[in-house]
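Visitor: Contents of run-v4.pdb (PDB, C-alpha atoms) are below:
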ATOM      1  CA  MET M   9      63.195  37.362  30.569  1.00  0.00           C
ATOM      2  CA  PRO M  10      63.863  34.183  32.551  1.00  0.00           C
ATOM      3  CA  SER M  11      66.723  31.986  31.413  1.00  0.00           C
ATOM      4  CA  LEU M  12      66.029  28.386  30.486  1.00  0.00           C
ATOM      5  CA  GLU M  13      67.856  27.384  33.640  1.00  0.00           C
ATOM      6  CA  ASP M  14      65.542  29.655  35.720  1.00  0.00           C
ATOM      7  CA  VAL M  15      62.511  27.933  34.210  1.00  0.00           C
ATOM      8  CA  ARG M  16      64.032  24.528  34.876  1.00  0.00           C
ATOM      9  CA  SER M  17      64.810  25.362  38.518  1.00  0.00           C
ATOM     10  CA  LEU M  18      61.312  26.693  39.082  1.00  0.00           C
ATOM     11  CA  LEU M  19      59.811  23.471  37.722  1.00  0.00           C
ATOM     12  CA  LEU M  20      62.231  21.314  39.662  1.00  0.00           C
ATOM     13  CA  ALA M  21      61.132  23.060  42.881  1.00  0.00           C
ATOM     14  CA  SER M  22      57.554  21.879  42.227  1.00  0.00           C
ATOM     15  CA  PHE M  23      58.485  18.483  40.767  1.00  0.00           C
ATOM     16  CA  PRO M  24      61.624  17.395  42.634  1.00  0.00           C
ATOM     17  CA  GLN M  25      61.581  13.830  41.261  1.00  0.00           C
ATOM     18  CA  ALA M  26      61.088  14.860  37.658  1.00  0.00           C
ATOM     19  CA  ARG M  27      63.170  14.569  34.545  1.00  0.00           C
ATOM     20  CA  ILE M  28      62.816  18.009  32.979  1.00  0.00           C
ATOM     21  CA  GLU M  29      63.912  19.300  29.583  1.00  0.00           C
ATOM     22  CA  VAL M  30      63.532  22.969  28.703  1.00  0.00           C
ATOM     23  CA  SER M  31      64.358  24.165  25.215  1.00  0.00           C
ATOM     24  CA  ASP M  32      64.026  27.406  23.317  1.00  0.00           C
ATOM     25  CA  LEU M  33      62.069  27.068  20.055  1.00  0.00           C
ATOM     26  CA  THR M  34      62.828  30.472  18.584  1.00  0.00           C
ATOM     27  CA  GLY M  35      66.079  31.676  20.172  1.00  0.00           C
ATOM     28  CA  THR M  36      64.158  34.463  21.924  1.00  0.00           C
ATOM     29  CA  GLN M  37      63.631  32.656  25.268  1.00  0.00           C
ATOM     30  CA  ASP M  38      59.863  33.254  25.186  1.00  0.00           C
ATOM     31  CA  HIS M  39      58.703  30.342  23.013  1.00  0.00           C
ATOM     32  CA  LEU M  40      59.630  27.318  25.063  1.00  0.00           C
ATOM     33  CA  GLN M  41      59.312  23.593  24.825  1.00  0.00           C
ATOM     34  CA  VAL M  42      59.130  21.694  28.088  1.00  0.00           C
ATOM     35  CA  VAL M  43      59.113  17.957  28.711  1.00  0.00           C
ATOM     36  CA  ILE M  44      58.382  16.777  32.251  1.00  0.00           C
ATOM     37  CA  VAL M  45      58.352  13.148  33.325  1.00  0.00           C
ATOM     38  CA  THR M  46      57.446  12.610  36.959  1.00  0.00           C
ATOM     39  CA  PRO M  47      55.533  10.069  39.054  1.00  0.00           C
ATOM     40  CA  ALA M  48      53.654  13.093  40.480  1.00  0.00           C
ATOM     41  CA  PHE M  49      51.508  12.901  37.314  1.00  0.00           C
ATOM     42  CA  GLU M  50      50.411   9.323  38.038  1.00  0.00           C
ATOM     43  CA  GLY M  51      46.619   8.949  37.831  1.00  0.00           C
ATOM     44  CA  LYS M  52      46.083  12.501  36.581  1.00  0.00           C
ATOM     45  CA  THR M  53      44.472  13.502  33.290  1.00  0.00           C
ATOM     46  CA  ARG M  54      46.514  15.427  30.734  1.00  0.00           C
ATOM     47  CA  VAL M  55      44.572  18.586  31.562  1.00  0.00           C
ATOM     48  CA  GLU M  56      45.329  18.151  35.266  1.00  0.00           C
ATOM     49  CA  GLN M  57      49.021  17.522  34.505  1.00  0.00           C
ATOM     50  CA  HIS M  58      49.327  20.651  32.377  1.00  0.00           C
ATOM     51  CA  LYS M  59      47.503  22.727  34.994  1.00  0.00           C
ATOM     52  CA  LEU M  60      50.076  21.631  37.593  1.00  0.00           C
ATOM     53  CA  VAL M  61      52.847  22.838  35.295  1.00  0.00           C
ATOM     54  CA  TYR M  62      51.128  26.172  34.646  1.00  0.00           C
ATOM     55  CA  ALA M  63      50.658  26.613  38.402  1.00  0.00           C
ATOM     56  CA  ALA M  64      54.360  25.927  38.980  1.00  0.00           C
ATOM     57  CA  LEU M  65      55.316  28.559  36.401  1.00  0.00           C
ATOM     58  CA  GLY M  66      52.941  31.105  37.959  1.00  0.00           C
ATOM     59  CA  ASP M  67      53.367  34.651  36.666  1.00  0.00           C
ATOM     60  CA  LEU M  68      55.806  33.556  33.963  1.00  0.00           C
ATOM     61  CA  MET M  69      52.716  32.426  32.006  1.00  0.00           C
ATOM     62  CA  ASN M  70      51.250  35.957  32.155  1.00  0.00           C
ATOM     63  CA  GLY M  71      53.677  37.637  29.809  1.00  0.00           C
ATOM     64  CA  PRO M  72      57.312  36.460  29.946  1.00  0.00           C
ATOM     65  CA  ILE M  73      56.511  33.117  28.306  1.00  0.00           C
ATOM     66  CA  HIS M  74      54.498  33.711  25.124  1.00  0.00           C
ATOM     67  CA  ALA M  75      54.181  30.129  24.056  1.00  0.00           C
ATOM     68  CA  LEU M  76      54.795  26.829  25.751  1.00  0.00           C
ATOM     69  CA  ALA M  77      54.773  23.477  24.006  1.00  0.00           C
ATOM     70  CA  LEU M  78      54.250  21.012  26.818  1.00  0.00           C
ATOM     71  CA  THR M  79      54.707  17.262  27.059  1.00  0.00           C
ATOM     72  CA  THR M  80      53.895  15.602  30.376  1.00  0.00           C
ATOM     73  CA  ARG M  81      54.164  11.925  31.338  1.00  0.00           C
ATOM     74  CA  ALA M  82      54.026   9.956  34.563  1.00  0.00           C
ATOM     75  CA  SER M  83      56.785   7.584  33.439  1.00  0.00           C
ATOM     76  CA  GLU M  84      59.363   7.186  30.680  1.00  0.00           C
ATOM     77  CA  LEU M  85      58.171   5.603  27.462  1.00  0.00           C
ATOM     78  CA  PRO M  86      59.128   1.921  27.195  1.00  0.00           C
TER      79      PRO M  86
ATOM     80  CA  MET N   6      27.673  36.064  37.286  1.00  0.00           C
ATOM     81  CA  SER N   7      29.888  38.136  35.035  1.00  0.00           C
ATOM     82  CA  ASP N   8      28.925  39.076  31.521  1.00  0.00           C
ATOM     83  CA  ALA N   9      31.912  37.208  30.088  1.00  0.00           C
ATOM     84  CA  ARG N  10      30.889  34.002  31.830  1.00  0.00           C
ATOM     85  CA  THR N  11      27.342  34.280  30.488  1.00  0.00           C
ATOM     86  CA  ARG N  12      28.654  34.779  26.960  1.00  0.00           C
ATOM     87  CA  ILE N  13      31.083  31.849  27.284  1.00  0.00           C
ATOM     88  CA  GLU N  14      28.374  29.492  28.526  1.00  0.00           C
ATOM     89  CA  GLU N  15      26.099  30.620  25.694  1.00  0.00           C
ATOM     90  CA  LEU N  16      28.823  29.844  23.119  1.00  0.00           C
ATOM     91  CA  LEU N  17      29.547  26.448  24.658  1.00  0.00           C
ATOM     92  CA  LYS N  18      25.850  25.587  24.736  1.00  0.00           C
ATOM     93  CA  SER N  19      25.367  26.546  21.084  1.00  0.00           C
ATOM     94  CA  HIS N  20      28.240  24.565  19.569  1.00  0.00           C
ATOM     95  CA  LYS N  21      29.167  20.927  20.185  1.00  0.00           C
ATOM     96  CA  VAL N  22      32.769  21.528  19.076  1.00  0.00           C
ATOM     97  CA  MET N  23      33.987  25.015  19.952  1.00  0.00           C
ATOM     98  CA  LEU N  24      37.547  26.224  19.371  1.00  0.00           C
ATOM     99  CA  PHE N  25      38.715  29.459  20.973  1.00  0.00           C
ATOM    100  CA  MET N  26      41.760  30.516  19.002  1.00  0.00           C
ATOM    101  CA  LYS N  27      44.042  33.321  17.899  1.00  0.00           C
ATOM    102  CA  GLY N  28      42.767  34.435  14.500  1.00  0.00           C
ATOM    103  CA  THR N  29      40.194  32.677  12.345  1.00  0.00           C
ATOM    104  CA  ARG N  30      40.087  29.242  10.750  1.00  0.00           C
ATOM    105  CA  GLN N  31      40.954  30.859   7.383  1.00  0.00           C
ATOM    106  CA  PHE N  32      43.670  33.043   8.904  1.00  0.00           C
ATOM    107  CA  PRO N  33      45.064  31.560  12.104  1.00  0.00           C
ATOM    108  CA  ALA N  34      47.315  34.090  13.865  1.00  0.00           C
ATOM    109  CA  CYS N  35      49.345  31.510  15.739  1.00  0.00           C
ATOM    110  CA  GLY N  36      50.961  28.197  14.867  1.00  0.00           C
ATOM    111  CA  PHE N  37      49.371  26.353  17.781  1.00  0.00           C
ATOM    112  CA  SER N  38      45.888  27.575  16.808  1.00  0.00           C
ATOM    113  CA  ASN N  39      46.542  26.555  13.212  1.00  0.00           C
ATOM    114  CA  THR N  40      47.601  23.068  14.310  1.00  0.00           C
ATOM    115  CA  VAL N  41      44.299  22.468  16.101  1.00  0.00           C
ATOM    116  CA  VAL N  42      42.272  23.769  13.130  1.00  0.00           C
ATOM    117  CA  GLN N  43      44.122  21.351  10.827  1.00  0.00           C
ATOM    118  CA  ILE N  44      43.545  18.429  13.207  1.00  0.00           C
ATOM    119  CA  LEU N  45      39.810  19.144  13.486  1.00  0.00           C
ATOM    120  CA  LYS N  46      39.573  19.318   9.686  1.00  0.00           C
ATOM    121  CA  LYS N  47      41.451  16.030   9.385  1.00  0.00           C
ATOM    122  CA  GLU N  48      39.064  14.448  11.882  1.00  0.00           C
ATOM    123  CA  GLY N  49      36.160  15.614   9.723  1.00  0.00           C
ATOM    124  CA  ALA N  50      34.639  17.522  12.623  1.00  0.00           C
ATOM    125  CA  THR N  51      32.061  20.253  12.294  1.00  0.00           C
ATOM    126  CA  PHE N  52      33.350  23.014  14.501  1.00  0.00           C
ATOM    127  CA  GLU N  53      32.892  26.662  15.349  1.00  0.00           C
ATOM    128  CA  THR N  54      35.813  29.001  15.995  1.00  0.00           C
ATOM    129  CA  PHE N  55      36.011  32.165  18.058  1.00  0.00           C
ATOM    130  CA  ASN N  56      38.796  34.718  17.581  1.00  0.00           C
ATOM    131  CA  ILE N  57      39.865  35.749  21.070  1.00  0.00           C
ATOM    132  CA  LEU N  58      42.216  38.418  19.683  1.00  0.00           C
ATOM    133  CA  ALA N  59      39.142  40.406  18.645  1.00  0.00           C
ATOM    134  CA  ASP N  60      37.445  40.150  22.056  1.00  0.00           C
ATOM    135  CA  PRO N  61      39.492  41.042  25.166  1.00  0.00           C
ATOM    136  CA  GLU N  62      36.582  40.271  27.496  1.00  0.00           C
ATOM    137  CA  ILE N  63      36.307  36.666  26.344  1.00  0.00           C
ATOM    138  CA  ARG N  64      40.092  36.378  26.062  1.00  0.00           C
ATOM    139  CA  GLN N  65      40.520  37.036  29.789  1.00  0.00           C
ATOM    140  CA  GLY N  66      37.156  35.586  30.857  1.00  0.00           C
ATOM    141  CA  LEU N  67      37.806  32.163  29.364  1.00  0.00           C
ATOM    142  CA  LYS N  68      41.207  31.903  31.050  1.00  0.00           C
ATOM    143  CA  ASP N  69      39.443  32.392  34.380  1.00  0.00           C
ATOM    144  CA  TYR N  70      36.589  30.068  33.403  1.00  0.00           C
ATOM    145  CA  SER N  71      38.847  27.143  32.551  1.00  0.00           C
ATOM    146  CA  SER N  72      41.854  27.979  34.793  1.00  0.00           C
ATOM    147  CA  TRP N  73      43.937  27.603  31.641  1.00  0.00           C
ATOM    148  CA  PRO N  74      46.368  30.400  30.748  1.00  0.00           C
ATOM    149  CA  THR N  75      46.913  29.854  27.019  1.00  0.00           C
ATOM    150  CA  TYR N  76      45.191  29.603  23.647  1.00  0.00           C
ATOM    151  CA  PRO N  77      43.944  27.706  21.696  1.00  0.00           C
ATOM    152  CA  GLN N  78      41.362  26.029  23.923  1.00  0.00           C
ATOM    153  CA  LEU N  79      39.123  23.269  22.562  1.00  0.00           C
ATOM    154  CA  TYR N  80      35.717  22.426  24.058  1.00  0.00           C
ATOM    155  CA  VAL N  81      33.511  19.476  23.154  1.00  0.00           C
ATOM    156  CA  ASP N  82      29.975  19.243  24.553  1.00  0.00           C
ATOM    157  CA  GLY N  83      30.762  22.208  26.788  1.00  0.00           C
ATOM    158  CA  LYS N  84      33.743  20.473  28.390  1.00  0.00           C
ATOM    159  CA  PHE N  85      37.320  21.692  28.169  1.00  0.00           C
ATOM    160  CA  VAL N  86      39.421  19.164  26.238  1.00  0.00           C
ATOM    161  CA  GLY N  87      42.825  20.872  26.201  1.00  0.00           C
ATOM    162  CA  GLY N  88      45.254  23.048  24.312  1.00  0.00           C
ATOM    163  CA  CYS N  89      47.358  22.304  21.256  1.00  0.00           C
ATOM    164  CA  ASP N  90      49.638  19.704  22.863  1.00  0.00           C
ATOM    165  CA  ILE N  91      46.819  17.687  24.418  1.00  0.00           C
ATOM    166  CA  VAL N  92      44.658  17.828  21.277  1.00  0.00           C
ATOM    167  CA  THR N  93      47.642  16.669  19.204  1.00  0.00           C
ATOM    168  CA  GLU N  94      48.342  13.747  21.551  1.00  0.00           C
ATOM    169  CA  MET N  95      44.662  12.736  21.577  1.00  0.00           C
ATOM    170  CA  HIS N  96      44.535  12.935  17.780  1.00  0.00           C
ATOM    171  CA  GLN N  97      47.598  10.704  17.450  1.00  0.00           C
ATOM    172  CA  ALA N  98      46.226   8.227  19.993  1.00  0.00           C
ATOM    173  CA  GLY N  99      42.851   8.067  18.217  1.00  0.00           C
ATOM    174  CA  GLU N 100      41.090   9.376  21.321  1.00  0.00           C
ATOM    175  CA  LEU N 101      39.877  12.557  19.683  1.00  0.00           C
ATOM    176  CA  ARG N 102      37.866  10.634  17.105  1.00  0.00           C
ATOM    177  CA  ALA N 103      35.864   8.902  19.834  1.00  0.00           C
ATOM    178  CA  LEU N 104      35.246  12.183  21.603  1.00  0.00           C
ATOM    179  CA  LEU N 105      34.146  13.982  18.447  1.00  0.00           C
ATOM    180  CA  GLY N 106      32.011  11.092  17.287  1.00  0.00           C
ATOM    181  CA  THR N 107      33.483  11.290  13.775  1.00  0.00           C
ATOM    182  CA  GLY N 108      34.751   8.508  11.534  1.00  0.00           C
ATOM    183  CA  ALA N 109      33.134   5.269  10.423  1.00  0.00           C
ATOM    184  CA  SER N 110      33.915   3.217  13.505  1.00  0.00           C
TER     185      SER N 110
END
Represent the structure from my file as C-alpha coordinates, please.

Guide:
Amino acid sequence: MPSLEDVRSLLLASFPQARIEVSDLTGTQDHLQVVIVTPAFEGKTRVEQHKLVYAALGDLMNGPIHALALTTRASELP
Amino acid sequence: MSDARTRIEELLKSHKVMLFMKGTRQFPACGFSNTVVQILKKEGATFETFNILADPEIRQGLKDYSSWPTYPQLYVDGKFVGGCDIVTEMHQAGELRALLGTGAS
(Lines of atoms letter the chains of each structure in order from A and count residues from 1; the text may use other names and numbers.)
(Lines give C-alpha, C1' and ligand atoms only; values in the text may rest on other atoms or scores of the structure.)
Protein backbone atom coordinates (compact mmCIF):
# COMPACT_ATOMS: atom_id res chain seq x y z
CA MET A 1 0.00 0.00 0.00
CA PRO A 2 1.49 3.37 -0.95
CA SER A 3 1.79 5.98 1.78
CA LEU A 4 0.07 9.32 1.34
CA GLU A 5 3.50 10.85 0.91
CA ASP A 6 4.29 8.33 -1.91
CA VAL A 7 1.10 9.36 -3.70
CA ARG A 8 1.95 13.03 -3.23
CA SER A 9 5.49 12.60 -4.59
CA LEU A 10 4.23 10.69 -7.60
CA LEU A 11 1.77 13.48 -8.41
CA LEU A 12 4.36 16.17 -7.79
CA ALA A 13 6.66 14.47 -10.33
CA SER A 14 3.96 14.93 -13.00
CA PHE A 15 2.74 18.33 -11.79
CA PRO A 16 5.83 20.10 -10.43
CA GLN A 17 4.12 23.50 -10.08
CA ALA A 18 1.06 22.16 -8.31
CA ARG A 19 -0.38 22.62 -4.87
CA ILE A 20 -1.31 19.07 -3.88
CA GLU A 21 -3.28 17.78 -0.90
CA VAL A 22 -3.63 14.05 -0.29
CA SER A 23 -5.83 12.80 2.51
CA ASP A 24 -7.06 9.43 3.69
CA LEU A 25 -10.86 9.19 3.92
CA THR A 26 -11.10 5.89 5.77
CA GLY A 27 -7.81 5.41 7.64
CA THR A 28 -7.00 2.44 5.39
CA GLN A 29 -4.84 4.34 2.85
CA ASP A 30 -6.90 3.06 -0.10
CA HIS A 31 -9.78 5.56 -0.13
CA LEU A 32 -8.07 8.83 -0.89
CA GLN A 33 -9.03 12.41 -1.44
CA VAL A 34 -6.77 14.46 -3.66
CA VAL A 35 -6.86 18.16 -4.46
CA ILE A 36 -4.55 19.42 -7.20
CA VAL A 37 -4.27 23.04 -8.25
CA THR A 38 -1.88 23.65 -11.13
CA PRO A 39 -1.63 25.93 -14.17
CA ALA A 40 -1.02 22.71 -16.17
CA PHE A 41 -4.83 22.30 -16.12
CA GLU A 42 -5.41 25.65 -17.83
CA GLY A 43 -7.73 25.31 -20.84
CA LYS A 44 -8.49 21.65 -20.16
CA THR A 45 -11.91 20.15 -19.48
CA ARG A 46 -12.57 18.47 -16.14
CA VAL A 47 -12.46 15.07 -17.83
CA GLU A 48 -9.08 15.88 -19.38
CA GLN A 49 -7.76 17.12 -16.02
CA HIS A 50 -8.84 13.97 -14.20
CA LYS A 51 -7.38 11.77 -16.94
CA LEU A 52 -4.00 13.49 -16.46
CA VAL A 53 -4.16 12.66 -12.76
CA TYR A 54 -5.11 9.03 -13.41
CA ALA A 55 -2.23 8.76 -15.88
CA ALA A 56 0.18 10.15 -13.28
CA LEU A 57 -0.98 7.58 -10.73
CA GLY A 58 -0.61 4.75 -13.27
CA ASP A 59 -0.87 1.26 -11.78
CA LEU A 60 -1.91 2.60 -8.38
CA MET A 61 -5.40 3.02 -9.90
CA ASN A 62 -5.53 -0.71 -10.78
CA GLY A 63 -5.84 -2.07 -7.27
CA PRO A 64 -3.90 -0.24 -4.53
CA ILE A 65 -6.22 2.79 -4.62
CA HIS A 66 -9.84 1.62 -4.37
CA ALA A 67 -11.46 5.01 -4.43
CA LEU A 68 -10.26 8.47 -5.27
CA ALA A 69 -12.23 11.64 -4.67
CA LEU A 70 -10.61 14.15 -6.98
CA THR A 71 -10.76 17.92 -7.17
CA THR A 72 -8.75 19.62 -9.91
CA ARG A 73 -8.40 23.34 -10.66
CA ALA A 74 -6.15 25.46 -12.84
CA SER A 75 -5.93 28.22 -10.22
CA GLU A 76 -6.82 28.90 -6.60
CA LEU A 77 -10.36 30.02 -5.91
CA PRO A 78 -10.64 33.79 -5.39
CA MET B 1 -14.34 -4.79 -32.86
CA SER B 2 -14.63 -6.57 -29.54
CA ASP B 3 -17.89 -7.90 -28.21
CA ALA B 4 -17.71 -5.62 -25.17
CA ARG B 5 -17.36 -2.55 -27.36
CA THR B 6 -20.37 -3.56 -29.45
CA ARG B 7 -22.45 -4.04 -26.31
CA ILE B 8 -21.31 -0.70 -24.85
CA GLU B 9 -22.17 1.20 -28.03
CA GLU B 10 -25.56 -0.52 -28.14
CA LEU B 11 -26.28 0.57 -24.54
CA LEU B 12 -25.17 4.14 -25.21
CA LYS B 13 -27.28 4.31 -28.36
CA SER B 14 -30.38 3.04 -26.56
CA HIS B 15 -30.35 5.41 -23.58
CA LYS B 16 -29.91 9.19 -23.59
CA VAL B 17 -28.73 9.18 -19.96
CA MET B 18 -26.79 6.05 -19.08
CA LEU B 19 -25.11 5.47 -15.72
CA PHE B 20 -22.64 2.62 -15.32
CA MET B 21 -22.40 2.01 -11.59
CA LYS B 22 -21.59 -0.39 -8.79
CA GLY B 23 -24.90 -1.95 -7.76
CA THR B 24 -28.36 -0.84 -8.82
CA ARG B 25 -30.27 2.41 -8.39
CA GLN B 26 -32.29 0.76 -5.57
CA PHE B 27 -29.20 -0.79 -3.99
CA PRO B 28 -26.05 1.14 -4.85
CA ALA B 29 -22.96 -0.82 -3.74
CA CYS B 30 -20.72 2.21 -3.45
CA GLY B 31 -21.06 5.70 -2.02
CA PHE B 32 -19.85 7.41 -5.18
CA SER B 33 -22.38 5.51 -7.32
CA ASN B 34 -25.12 6.39 -4.85
CA THR B 35 -24.19 10.08 -5.01
CA VAL B 36 -24.65 10.18 -8.78
CA VAL B 37 -27.99 8.33 -8.59
CA GLN B 38 -29.24 10.89 -6.04
CA ILE B 39 -28.07 13.81 -8.20
CA LEU B 40 -29.79 12.44 -11.32
CA LYS B 41 -33.01 11.97 -9.32
CA LYS B 42 -32.74 15.52 -7.99
CA GLU B 43 -32.26 16.80 -11.54
CA GLY B 44 -35.45 14.98 -12.54
CA ALA B 45 -33.62 13.03 -15.21
CA THR B 46 -34.88 9.85 -16.81
CA PHE B 47 -31.92 7.53 -16.71
CA GLU B 48 -30.90 3.92 -17.15
CA THR B 49 -28.38 2.21 -14.88
CA PHE B 50 -26.08 -0.72 -15.54
CA ASN B 51 -24.53 -2.75 -12.72
CA ILE B 52 -20.92 -3.33 -13.72
CA LEU B 53 -20.33 -5.61 -10.72
CA ALA B 54 -22.56 -8.19 -12.40
CA ASP B 55 -20.75 -8.02 -15.76
CA PRO B 56 -16.93 -8.32 -15.77
CA GLU B 57 -16.76 -7.94 -19.55
CA ILE B 58 -18.43 -4.53 -19.52
CA ARG B 59 -16.61 -3.57 -16.32
CA GLN B 60 -13.22 -3.89 -18.03
CA GLY B 61 -14.44 -3.01 -21.53
CA LEU B 62 -15.84 0.36 -20.54
CA LYS B 63 -12.63 1.35 -18.77
CA ASP B 64 -10.80 0.77 -22.05
CA TYR B 65 -13.54 2.46 -24.07
CA SER B 66 -13.46 5.69 -22.08
CA SER B 67 -9.83 5.57 -20.82
CA TRP B 68 -11.32 6.11 -17.37
CA PRO B 69 -10.26 3.75 -14.57
CA THR B 70 -13.09 4.14 -12.06
CA TYR B 71 -16.85 3.85 -11.56
CA PRO B 72 -19.43 5.35 -11.68
CA GLN B 73 -19.30 6.67 -15.24
CA LEU B 74 -22.09 8.87 -16.59
CA TYR B 75 -22.89 9.18 -20.31
CA VAL B 76 -25.31 11.60 -21.92
CA ASP B 77 -26.16 11.28 -25.62
CA GLY B 78 -23.42 8.66 -25.92
CA LYS B 79 -20.74 11.02 -24.61
CA PHE B 80 -18.75 10.46 -21.44
CA VAL B 81 -19.57 13.20 -18.91
CA GLY B 82 -17.45 12.15 -15.93
CA GLY B 83 -17.31 10.33 -12.63
CA CYS B 84 -18.76 11.24 -9.26
CA ASP B 85 -16.60 14.32 -8.62
CA ILE B 86 -17.21 15.88 -12.03
CA VAL B 87 -20.95 15.14 -11.98
CA THR B 88 -21.18 16.69 -8.50
CA GLU B 89 -19.34 19.84 -9.60
CA MET B 90 -21.51 20.16 -12.72
CA HIS B 91 -24.66 19.68 -10.63
CA GLN B 92 -23.59 22.41 -8.21
CA ALA B 93 -22.66 24.76 -11.05
CA GLY B 94 -26.00 24.18 -12.80
CA GLU B 95 -24.23 22.78 -15.86
CA LEU B 96 -25.73 19.33 -15.55
CA ARG B 97 -29.26 20.67 -15.93
CA ALA B 98 -28.41 22.19 -19.31
CA LEU B 99 -26.78 18.97 -20.45
CA LEU B 100 -29.69 16.80 -19.34
CA GLY B 101 -32.27 19.16 -20.74
CA THR B 102 -34.30 19.00 -17.52
CA GLY B 103 -35.88 21.82 -15.52
CA ALA B 104 -38.19 24.62 -16.57
CA SER B 105 -35.57 26.98 -17.92

Visitor: Just so the selection is clear, what residues does the PyMOL selection byres ((chain M) within 8 of (chain N)) cover here, as a list in words?

Guide: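 On this input, the PyMOL selection byres ((chain M) within 8 of (chain N)) captures Arg54, Val55, Lys59, Tyr62, Met69, Asn70, Ala75, Ala77, Leu78 and Thr79 of chain M.
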
Visitor: One decimal, in Å: what's the spacing between CA of Ile63 in chain N and CA of Pro33 in chain N?

Guide: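 The value is 17.5 Å.
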
Visitor: Please write as an NGL selection string the full residue list that the PyMOL selection byres ((chain N and resi 18-20) around 10) yields on this file.

Guide: :N and (12-17 or 21-24 or 51-54 or 80-83)

Visitor: Can you give me, as a VMD selection string, the residues this file yields under the PyMOL selection byres ((chain M and resi 24-39) around 9)?

Guide: chain M and resid 9 to 13 15 to 16 19 to 23 40 to 48 71 to 77

Visitor: For a test of reading the model, state the distance in Å between CA of Arg81 in chain M and CA of Glu50 in chain M, rounded to one decimal.

Guide: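 For CA of Arg81 in chain M relative to CA of Glu50 in chain M, the distance reads 8.1 Å.
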
Visitor: I'd like the interatomic distance between CA of Leu101 in chain N and CA of Lys47 in chain N, to a tenth of an Å.

Guide: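 Those two atoms sit 11.0 Å apart.
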